[in-house]
$ cat query_35.cif   # mmCIF, C-alpha atoms
data_input
#
loop_
_atom_site.label_atom_id
_atom_site.label_comp_id
_atom_site.auth_asym_id
_atom_site.auth_seq_id
_atom_site.Cartn_x
_atom_site.Cartn_y
_atom_site.Cartn_z
CA MET Q 167 36.69 -19.31 22.08
CA ILE Q 168 37.37 -20.47 18.54
CA ASN Q 169 36.74 -17.98 15.76
CA LEU Q 170 35.04 -19.93 13.00
CA ALA Q 171 34.96 -17.11 10.47
CA GLU Q 172 37.53 -18.84 8.28
CA VAL Q 173 35.18 -21.77 7.80
CA THR Q 174 32.66 -19.56 6.06
CA ARG Q 175 35.33 -18.47 3.59
CA LEU Q 176 36.79 -21.86 2.70
CA THR Q 177 36.91 -22.18 -1.06
CA GLU Q 178 35.67 -25.74 -0.74
CA LEU Q 179 32.52 -24.51 1.02
CA ALA Q 180 31.92 -20.84 0.31
CA GLN Q 181 29.81 -19.43 -2.48
CA SER Q 182 29.23 -15.85 -3.50
CA PHE Q 183 25.99 -13.97 -3.08
CA SER Q 184 24.97 -10.34 -2.84
CA ILE Q 185 23.16 -8.40 -0.16
CA HIS Q 186 20.72 -5.67 -1.12
CA ARG Q 187 20.36 -3.33 1.83
CA SER Q 188 17.89 -0.50 1.84
CA THR Q 189 16.92 2.26 4.19
CA GLY Q 190 13.81 4.38 4.08
CA ARG Q 191 11.37 6.51 5.95
CA PHE Q 192 7.66 7.04 6.44
CA GLU Q 193 6.29 9.64 4.07
CA ARG Q 194 2.97 10.87 2.77
CA GLY Q 195 1.79 7.74 0.97
CA GLY Q 196 3.57 5.28 3.23
CA TRP Q 197 6.99 3.73 3.65
CA ALA Q 198 9.46 4.74 0.94
CA GLU Q 199 12.98 3.56 0.20
CA THR Q 200 15.43 6.45 0.36
CA SER Q 201 18.74 4.70 -0.30
CA SER Q 202 20.07 1.28 -1.08
CA SER Q 203 23.36 -0.51 -1.61
CA ASP Q 204 24.46 -3.87 -2.98
CA ILE Q 205 27.14 -5.66 -1.00
CA SER Q 206 29.15 -8.60 -2.32
CA ALA Q 207 29.52 -11.42 0.17
CA VAL Q 208 30.69 -15.00 0.42
CA GLY Q 209 29.47 -17.68 2.72
CA VAL Q 210 28.17 -21.15 3.17
CA ILE Q 211 24.71 -21.53 1.68
CA ASN Q 212 22.43 -24.41 2.48
CA PRO Q 213 18.74 -25.15 2.06
CA ALA Q 214 16.69 -24.81 5.23
CA SER Q 215 13.65 -26.23 3.53
CA PRO Q 216 13.38 -27.74 0.06
CA ARG Q 217 11.81 -25.81 -2.75
CA GLN Q 218 8.25 -26.95 -2.90
CA ILE Q 219 5.24 -25.83 -4.80
CA GLN Q 220 1.97 -24.76 -3.36
CA GLN Q 221 -0.74 -25.53 -5.86
CA VAL Q 222 -3.53 -23.01 -5.68
CA PRO Q 223 -6.30 -22.39 -8.20
CA GLU Q 224 -4.47 -19.37 -9.57
CA GLY Q 225 -1.27 -21.32 -10.32
CA ASP Q 226 1.74 -23.00 -8.78
CA ARG Q 227 3.73 -20.97 -6.27
CA ALA Q 228 7.20 -22.07 -5.19
CA ASN Q 229 8.42 -21.58 -1.62
CA GLU Q 230 11.90 -22.13 -0.29
CA MET Q 231 13.97 -21.22 2.78
CA VAL Q 232 17.76 -20.94 2.57
CA VAL Q 233 20.44 -20.55 5.24
CA PHE Q 234 23.28 -18.09 4.58
CA VAL Q 235 26.35 -18.21 6.85
CA SER Q 236 28.80 -15.36 6.31
CA VAL Q 237 31.17 -12.98 8.06
CA THR Q 238 29.27 -10.13 6.39
CA PRO Q 239 26.49 -8.85 8.65
CA MET Q 240 22.93 -9.47 7.48
CA TYR Q 241 19.93 -7.72 8.97
CA VAL Q 242 16.22 -8.12 9.44
CA THR Q 243 13.96 -5.06 9.59
CA ARG Q 244 15.37 -2.67 12.17
CA LYS Q 245 13.55 -0.58 14.70
CA SER Q 246 12.83 3.12 14.43
CA GLY Q 247 12.32 3.24 10.72
CA SER Q 248 15.89 2.81 9.55
CA GLY Q 249 15.56 -0.10 7.17
CA ILE Q 250 13.79 -3.24 6.15
CA SER Q 251 15.17 -6.76 5.89
CA ASP Q 252 18.06 -7.40 3.51
CA VAL Q 253 17.37 -9.15 0.24
CA LEU Q 254 20.00 -11.77 -0.60
CA THR Q 255 20.57 -12.75 -4.22
CA TYR Q 256 21.98 -16.19 -4.91
CA LYS Q 257 22.09 -17.82 -8.34
CA GLY Q 258 19.62 -15.30 -9.69
CA GLU Q 259 17.03 -15.85 -6.99
CA ASN Q 260 16.09 -13.30 -4.35
CA TYR Q 261 15.58 -14.19 -0.70
CA ARG Q 262 14.38 -11.89 2.05
CA VAL Q 263 16.05 -12.34 5.44
CA ALA Q 264 13.48 -13.70 7.88
CA SER Q 265 15.72 -14.32 10.87
CA VAL Q 266 19.32 -13.63 11.87
CA ASN Q 267 21.49 -15.36 14.40
CA GLN Q 268 24.32 -13.06 15.33
CA ALA Q 269 27.04 -15.39 16.51
CA GLY Q 270 29.54 -12.56 16.69
CA ALA Q 271 31.68 -14.31 19.23
CA TYR Q 272 32.35 -17.05 16.71
CA GLY Q 273 32.96 -14.56 13.90
CA PHE Q 274 30.04 -15.11 11.56
CA TRP Q 275 26.35 -14.39 11.00
CA THR Q 276 23.66 -16.88 10.13
CA ALA Q 277 20.56 -15.75 8.27
CA ILE Q 278 17.51 -17.74 7.30
CA ALA Q 279 15.91 -16.21 4.24
CA ALA Q 280 12.66 -16.87 2.39
CA ARG Q 281 12.47 -16.86 -1.40
CA LEU Q 282 10.67 -13.85 -2.79
CA GLY Q 283 7.73 -14.97 -4.86
CA GLY Q 284 6.51 -13.42 -8.06
CA GLN Q 285 9.92 -12.51 -9.45
CA MET Z 220 -11.83 11.68 -10.40
CA ALA Z 221 -11.68 8.65 -8.13
CA GLN Z 222 -9.45 7.78 -5.22
CA ASP Z 223 -7.56 4.51 -5.07
CA PRO Z 224 -6.62 2.88 -1.76
CA LYS Z 225 -3.18 4.49 -1.83
CA SER Z 226 -4.30 8.04 -2.58
CA PHE Z 227 -7.18 7.63 -0.17
CA GLY Z 228 -4.72 6.55 2.51
CA SER Z 229 -2.65 9.67 1.89
CA LEU Z 230 -5.73 11.83 2.41
CA MET Z 231 -6.44 10.03 5.65
CA GLN Z 232 -2.87 10.78 6.72
CA ASP Z 233 -3.52 14.47 6.04
CA ALA Z 234 -6.79 14.42 7.96
CA TYR Z 235 -5.43 12.56 10.98
CA LEU Z 236 -2.41 14.81 11.31
CA ALA Z 237 -4.62 17.87 10.96
CA ALA Z 238 -6.80 16.51 13.77
CA LEU Z 239 -3.72 16.26 15.98
CA GLY Z 240 -2.58 19.74 15.03
CA VAL Z 241 0.54 18.36 13.36
CA VAL Z 242 1.67 20.33 10.33
CA PRO Z 243 4.16 18.32 8.24
CA SER Z 244 7.08 20.30 6.89
CA GLY Z 245 6.63 18.47 3.58
CA PRO Z 246 5.60 15.14 2.06
CA THR Z 247 8.80 13.50 3.36
CA ASP Z 248 8.41 14.62 6.98
CA SER Z 249 9.02 11.25 8.55
CA ALA Z 250 8.42 12.44 12.11
CA ALA Z 251 4.89 13.42 11.13
CA TYR Z 252 3.94 10.72 8.66
CA SER Z 253 5.34 7.88 10.74
CA GLN Z 254 2.41 8.57 13.08
CA VAL Z 255 -0.08 7.58 10.39
CA ARG Z 256 0.96 4.43 8.55
CA LEU Z 257 -0.60 2.73 5.60
CA THR Z 258 -1.00 -1.01 5.62
CA TRP Z 259 0.03 -3.76 3.24
CA PRO Z 260 3.34 -2.28 1.96
CA THR Z 261 4.77 -4.51 -0.78
CA ASN Z 262 8.19 -5.00 0.81
CA GLY Z 263 7.22 -4.56 4.45
CA GLN Z 264 8.01 -1.69 6.76
CA PRO Z 265 9.48 -1.23 10.25
CA ASP Z 266 7.25 -1.77 13.24
CA TRP Z 267 6.67 0.52 16.20
CA ALA Z 268 7.53 0.66 19.89
CA VAL Z 269 5.14 0.06 22.74
CA ASN Z 270 5.30 3.72 23.80
CA GLU Z 271 4.95 5.08 20.29
CA ASP Z 272 1.61 6.55 19.17
CA VAL Z 273 0.88 5.34 15.66
CA VAL Z 274 -2.31 4.66 13.74
CA PHE Z 275 -2.79 2.29 10.83
CA VAL Z 276 -5.25 3.07 8.07
CA GLN Z 277 -7.08 0.32 6.25
CA ALA Z 278 -9.54 1.47 3.62
CA VAL Z 279 -12.01 -0.79 1.83
CA LEU Z 280 -15.17 -0.04 -0.12
CA ASP Z 281 -18.57 -0.53 1.46
CA ASN Z 282 -21.65 -1.65 -0.43
CA PRO Z 283 -24.59 0.67 0.27
CA ASP Z 284 -27.60 1.05 -2.04
CA ILE Z 285 -26.54 4.56 -3.00
CA ALA Z 286 -23.41 3.18 -4.68
CA ARG Z 287 -25.58 1.50 -7.32
CA TRP Z 288 -26.99 4.68 -8.79
CA ARG Z 289 -25.34 6.08 -11.90
CA ASP Z 290 -25.91 9.45 -13.53
CA PHE Z 291 -24.83 9.87 -17.15
CA ALA Z 292 -24.25 13.17 -18.93
CA ASP Z 293 -23.38 13.41 -22.64
CA GLU Z 294 -21.62 16.28 -24.34
CA ASP Z 295 -20.53 16.63 -27.98
CA ASN Z 296 -16.77 16.67 -28.37
CA ALA Z 297 -15.34 19.62 -30.29
CA ASP Z 298 -13.97 17.30 -32.97
CA GLY Z 299 -17.49 16.40 -34.03
CA MET Z 300 -16.51 12.73 -34.17
CA HIS Z 301 -17.04 11.78 -30.53
CA VAL Z 302 -19.34 12.25 -27.58
CA ASP Z 303 -17.86 12.75 -24.12
CA VAL Z 304 -19.73 10.82 -21.45
CA THR Z 305 -19.45 11.70 -17.77
CA THR Z 306 -20.62 9.05 -15.33
CA THR Z 307 -21.22 10.33 -11.82
CA TYR Z 308 -21.99 8.32 -8.72
CA THR Z 309 -21.39 8.06 -4.99
CA ARG Z 310 -19.43 5.29 -3.38
CA THR Z 311 -18.69 4.65 0.25
CA TRP Z 312 -15.36 3.90 1.91
CA SER Z 313 -15.23 2.05 5.19
CA VAL Z 314 -12.00 3.01 6.90
CA SER Z 315 -10.49 1.32 9.94
CA PHE Z 316 -8.21 3.42 12.11
CA ILE Z 317 -6.23 1.05 14.31
CA ALA Z 318 -4.38 3.16 16.85
CA TYR Z 319 -1.55 1.97 19.10
CA GLY Z 320 0.24 3.76 21.89
CA PRO Z 321 -0.46 5.23 25.30
CA ASN Z 322 -2.53 8.06 23.79
CA SER Z 323 -4.32 5.95 21.17
CA PHE Z 324 -7.79 6.22 22.70
CA ASP Z 325 -7.60 9.97 23.18
CA ARG Z 326 -6.16 10.54 19.72
CA LEU Z 327 -9.12 8.78 18.17
CA ARG Z 328 -11.45 10.93 20.26
CA ALA Z 329 -9.76 14.03 18.86
CA PHE Z 330 -9.96 12.61 15.35
CA VAL Z 331 -13.71 11.99 15.59
CA SER Z 332 -14.23 15.54 16.86
CA TYR Z 333 -12.18 16.81 13.95
CA LEU Z 334 -14.19 14.82 11.42
CA LEU Z 335 -17.45 16.17 12.82
CA SER Z 336 -16.22 19.75 12.63
CA ASP Z 337 -16.03 22.13 9.68
CA ARG Z 338 -12.26 21.85 9.73
CA SER Z 339 -12.26 18.40 8.16
CA GLY Z 340 -13.85 19.84 5.02
CA LEU Z 341 -10.63 21.70 4.25
CA VAL Z 342 -8.90 18.36 3.66
CA LEU Z 343 -11.76 16.16 2.50
CA GLU Z 344 -13.96 18.31 0.27
CA PRO Z 345 -11.29 19.12 -2.36
CA ALA Z 346 -11.06 15.36 -2.83
CA ASP Z 347 -14.88 15.03 -3.03
CA LEU Z 348 -14.96 13.14 0.26
CA TYR Z 349 -17.65 13.60 2.89
CA VAL Z 350 -17.75 11.91 6.27
CA ILE Z 351 -20.89 9.98 7.20
CA THR Z 352 -21.57 11.51 10.58
CA ASP Z 353 -22.98 8.36 12.18
CA VAL Z 354 -19.64 7.53 13.79
CA TYR Z 355 -19.49 4.76 16.38
CA PRO Z 356 -17.10 5.70 19.25
CA PRO Z 357 -13.58 4.23 19.48
CA THR Z 358 -13.24 0.79 21.05
CA ARG Z 359 -10.35 0.07 23.42
CA VAL Z 360 -8.82 -3.34 22.70
CA PRO Z 361 -5.31 -3.74 24.19
CA GLU Z 362 -3.23 -6.33 22.38
CA MET Z 363 -0.64 -8.79 23.65
CA PHE Z 364 2.64 -8.73 21.72
CA GLY Z 365 6.12 -9.62 22.83
CA SER Z 366 5.09 -10.42 26.39
CA GLN Z 367 3.48 -7.07 27.02
CA TRP Z 368 0.14 -5.40 26.43
CA PHE Z 369 0.15 -2.80 23.69
CA GLU Z 370 -2.46 -0.12 24.27
CA ARG Z 371 -4.77 -0.18 21.25
CA SER Z 372 -8.04 1.43 20.19
CA ASP Z 373 -10.06 0.89 17.02
CA LEU Z 374 -12.32 3.22 15.11
CA THR Z 375 -14.31 2.73 11.91
CA VAL Z 376 -15.47 5.72 9.90
CA LYS Z 377 -17.34 5.79 6.62
CA PHE Z 378 -16.90 8.38 3.92
CA ASN Z 379 -18.94 9.09 0.82
CA GLU Z 380 -16.94 9.89 -2.27
CA LEU Z 381 -18.29 11.61 -5.35
CA VAL Z 382 -16.79 9.79 -8.30
CA GLN Z 383 -16.72 11.07 -11.85
CA GLU Z 384 -15.58 8.85 -14.70
CA GLN Z 385 -14.90 10.16 -18.18
CA SER Z 386 -15.34 8.06 -21.28
CA GLN Z 387 -15.79 8.69 -24.97
CA VAL Z 388 -17.99 7.05 -27.57
CA ASN Z 389 -18.00 7.50 -31.32
CA ALA Z 390 -20.54 9.98 -32.69
CA VAL Z 391 -22.74 9.36 -35.70
CA VAL Z 392 -21.32 11.77 -38.27
CA SER Z 393 -23.68 10.98 -41.11
CA VAL Z 394 -26.41 8.53 -42.10
CA ASP Z 395 -27.25 7.40 -45.62
CA VAL Z 396 -31.03 7.06 -46.17
CA THR Z 397 -32.26 5.50 -49.39
CA THR Z 398 -35.94 5.63 -50.28
CA GLU Z 399 -37.29 3.57 -53.13
CA THR Z 400 -40.66 3.70 -54.82
CA GLN Z 401 -42.55 0.61 -55.91
CA ALA Z 402 -41.61 1.50 -59.47
CA GLY Z 403 -37.97 1.17 -58.50
CA ASP Z 404 -36.98 4.83 -58.42
CA ALA Z 405 -34.37 5.29 -55.69
CA ASP Z 406 -33.42 8.47 -53.90
CA LEU Z 407 -30.38 8.75 -51.64
CA GLN Z 408 -30.20 11.30 -48.86
CA ILE Z 409 -27.14 11.81 -46.68
CA ILE Z 410 -28.02 13.22 -43.29
CA THR Z 411 -25.09 14.75 -41.48
CA GLY Z 412 -24.75 15.31 -37.78
CA ALA Z 413 -25.76 18.29 -35.72
#
$ encode --input "query_35.cif" --output "structure tokens"
Amino acid sequence: MINLAEVTRLTELAQSFSIHRSTGRFERGGWAETSSSDISAVGVINPASPRQIQQVPEGDRANEMVVFVSVTPMYVTRKSGSGISDVLTYKGENYRVASVNQAGAYGFWTAIAARLGGQ
Amino acid sequence: MAQDPKSFGSLMQDAYLAALGVVPSGPTDSAAYSQVRLTWPTNGQPDWAVNEDVVFVQAVLDNPDIARWRDFADEDNADGMHVDVTTTYTRTWSVSFIAYGPNSFDRLRAFVSYLLSDRSGLVLEPADLYVITDVYPPTRVPEMFGSQWFERSDLTVKFNELVQEQSQVNAVVSVDVTTETQAGDADLQIITGA
């Protein structure tokens, strides 16, 4: 089986982004973040859907989905209260991981992330 | 004093855990508070397993006639320049308890019994909350998710809350009164406050 990890790091293709990973717990008052870390990563970043506006009476809201391919693991919300989905920052925009394809055998992770609105 | 949906949700966590006989070791006791979860968290929160007993609290305000009455009480402020106004009224919360897990139906039964007992007053009365005792029994409504049926039961309970709002208005410190005769003689009187 070919390990394709190197492809995600090719200088001709790869771009840098950061991963904000948080863990938390249920407390009085609801879910609360207890720790977080920012992880630098590189990978191939492509649009999954174009940025488009949704015009509602209250204003224009922009939606966008982006694909991140990297050797650095990316996670969606985990079971048993350990943490919520990673937030990926790319060119000043924040995207929450909506789905992850763990192609570990090929040496990389693929995440589809949705742009966080209102930021 | 008035509850907001978040603080109200915290009180419901206290009441539900008390009904189950669970005593949290502190406000960060995750094992206890993960059993009573508040809805609509800004950044999301983890889900729960099919065999895990959790309840979700959704609190919204109801619209009964009693919520339209307002009682106003005025009191002179010590500075002599203002009047303190206390507005008092009752409003009604309609709270959905959506319970999942193998013991969800029985947990709601225990919770209703708790609410209708004196014990609930220990948690609710300090927050000026009073359960409306006309409680409809829990409804069992299993839910399909992930190719399996999650045991689920729903309960709606209403609570009256005594709300007090404080405000302040400016006091009349003095009034100038000028009287004038037809001949044009004027007399100024300055009337000061109480």
$ residues_around --input "query_35.cif" --residues "Z:Asp223" --least-positions-apart "5" --cutoff "10 Å" --atoms "all atoms listed in the file" --output "ChimeraX atom specification"
/Z:228-229,278-279
$ write_last_selection --input "query_35.cif" --atoms "C-alpha atoms" --output "PDB file, in the frame of the given file"
ATOM      1  CA  GLY Z 228      -4.720   6.550   2.510  1.00  0.00           C
ATOM      2  CA  SER Z 229      -2.650   9.670   1.890  1.00  0.00           C
ATOM      3  CA  ALA Z 278      -9.540   1.470   3.620  1.00  0.00           C
ATOM      4  CA  VAL Z 279     -12.010  -0.790   1.830  1.00  0.00           C
TER       5      VAL Z 279
END
$ resolve_selection --input "query_35.cif" --expression "the PyMOL selection byres ((chain Q and resi 260) around 9)" --output "ChimeraX atom specification"
/Q:253-259,261-262,280-283,285
$ write_last_selection --input "query_35.cif" --atoms "C-alpha atoms" --output "mmCIF file, in the frame of the given file"
data_model
loop_
_atom_site.group_PDB
_atom_site.id
_atom_site.type_symbol
_atom_site.label_atom_id
_atom_site.label_comp_id
_atom_site.auth_asym_id
_atom_site.auth_seq_id
_atom_site.Cartn_x
_atom_site.Cartn_y
_atom_site.Cartn_z
ATOM 1 C CA VAL Q 253 17.370 -9.150 0.240
ATOM 2 C CA LEU Q 254 20.000 -11.770 -0.600
ATOM 3 C CA THR Q 255 20.570 -12.750 -4.220
ATOM 4 C CA TYR Q 256 21.980 -16.190 -4.910
ATOM 5 C CA LYS Q 257 22.090 -17.820 -8.340
ATOM 6 C CA GLY Q 258 19.620 -15.300 -9.690
ATOM 7 C CA GLU Q 259 17.030 -15.850 -6.990
ATOM 8 C CA TYR Q 261 15.580 -14.190 -0.700
ATOM 9 C CA ARG Q 262 14.380 -11.890 2.050
ATOM 10 C CA ALA Q 280 12.660 -16.870 2.390
ATOM 11 C CA ARG Q 281 12.470 -16.860 -1.400
ATOM 12 C CA LEU Q 282 10.670 -13.850 -2.790
ATOM 13 C CA GLY Q 283 7.730 -14.970 -4.860
ATOM 14 C CA GLN Q 285 9.920 -12.510 -9.450
#
$ closest_residue --input "query_35.cif" --among "Z:Phe369, Z:Ser386, Z:Asp281, Z:Val276" --to "Z:Ser226" --atoms "all atoms listed in the file"
Z:Val276
$ resolve_selection --input "query_35.cif" --expression "the PyMOL selection byres ((chain Z and resi 321-324) around 9)" --output "VMD selection string"
chain Z and resid 269 to 274 317 to 320 325 to 329 357 to 359 369 to 373
$ atom_distance --input "query_35.cif" --atom1 "atom CA of Q:Pro216" --atom2 "atom CA of Z:Pro265"
28.7 Å
$ resolve_selection --input "query_35.cif" --expression "the PyMOL selection byres ((chain Z) within 12 of (chain Q))" --output "VMD selection string"
chain Z and resid 223 to 236 243 to 269 271 273 275 to 276
$ atom_distance --input "query_35.cif" --atom1 "atom CA of Z:Arg338" --atom2 "atom CA of Z:Asp353"
17.4 Å
$ atom_distance --input "query_35.cif" --atom1 "atom CA of Z:Leu341" --atom2 "atom CA of Z:Tyr355"
22.6 Å
$ residues_around --input "query_35.cif" --residues "Z:Ser313" --least-positions-apart "6" --cutoff "10 Å" --atoms "all atoms listed in the file" --output "short mmCIF file (atom, residue, chain, number, x, y, z; two decimals) with C-alpha atoms, keeping the file's coordinate frame"
data_model
loop_
_atom_site.label_atom_id
_atom_site.label_comp_id
_atom_site.auth_asym_id
_atom_site.auth_seq_id
_atom_site.Cartn_x
_atom_site.Cartn_y
_atom_site.Cartn_z
CA GLN Z 277 -7.08 0.32 6.25
CA ALA Z 278 -9.54 1.47 3.62
CA VAL Z 279 -12.01 -0.79 1.83
CA LEU Z 280 -15.17 -0.04 -0.12
CA ASP Z 281 -18.57 -0.53 1.46
CA ASN Z 282 -21.65 -1.65 -0.43
CA ILE Z 351 -20.89 9.98 7.20
CA THR Z 375 -14.31 2.73 11.91
CA VAL Z 376 -15.47 5.72 9.90
CA LYS Z 377 -17.34 5.79 6.62
CA PHE Z 378 -16.90 8.38 3.92
CA ASN Z 379 -18.94 9.09 0.82
#
$ residues_around --input "query_35.cif" --residues "Q:Ser215" --least-positions-apart "6" --cutoff "10 Å" --atoms "all atoms listed in the file" --output "list in words"
Asn229, Glu230, Met231, Val232, Val233 and Ala280 of chain Q
$ residues_around --input "query_35.cif" --residues "Q:Val210" --least-positions-apart "2" --cutoff "12 Å" --atoms "all atoms listed in the file" --output "MDAnalysis selection string"
chainID Q and resid 171:183 207:208 212:213 232:238 256 274:278
$ residues_near_point --input "query_35.cif" --point "(22.3, -3.4, 0.5)" --cutoff "9 Å" --atoms "only C-alpha atoms" --output "CSV table (one decimal) with C-alpha atoms, in the frame of the given file"
chain,number,residue,atom,x,y,z
Q,184,SER,CA,25.0,-10.3,-2.8
Q,185,ILE,CA,23.2,-8.4,-0.2
Q,186,HIS,CA,20.7,-5.7,-1.1
Q,187,ARG,CA,20.4,-3.3,1.8
Q,188,SER,CA,17.9,-0.5,1.8
Q,189,THR,CA,16.9,2.3,4.2
Q,201,SER,CA,18.7,4.7,-0.3
Q,202,SER,CA,20.1,1.3,-1.1
Q,203,SER,CA,23.4,-0.5,-1.6
Q,204,ASP,CA,24.5,-3.9,-3.0
Q,205,ILE,CA,27.1,-5.7,-1.0
Q,252,ASP,CA,18.1,-7.4,3.5
Q,253,VAL,CA,17.4,-9.2,0.2
Q,254,LEU,CA,20.0,-11.8,-0.6
$ closest_residue --input "query_35.cif" --among "Z:Val360, Z:Ile409, Z:Ala346, Z:Val314" --to "Z:Ser393" --atoms "all atoms listed in the file"
Z:Ile409
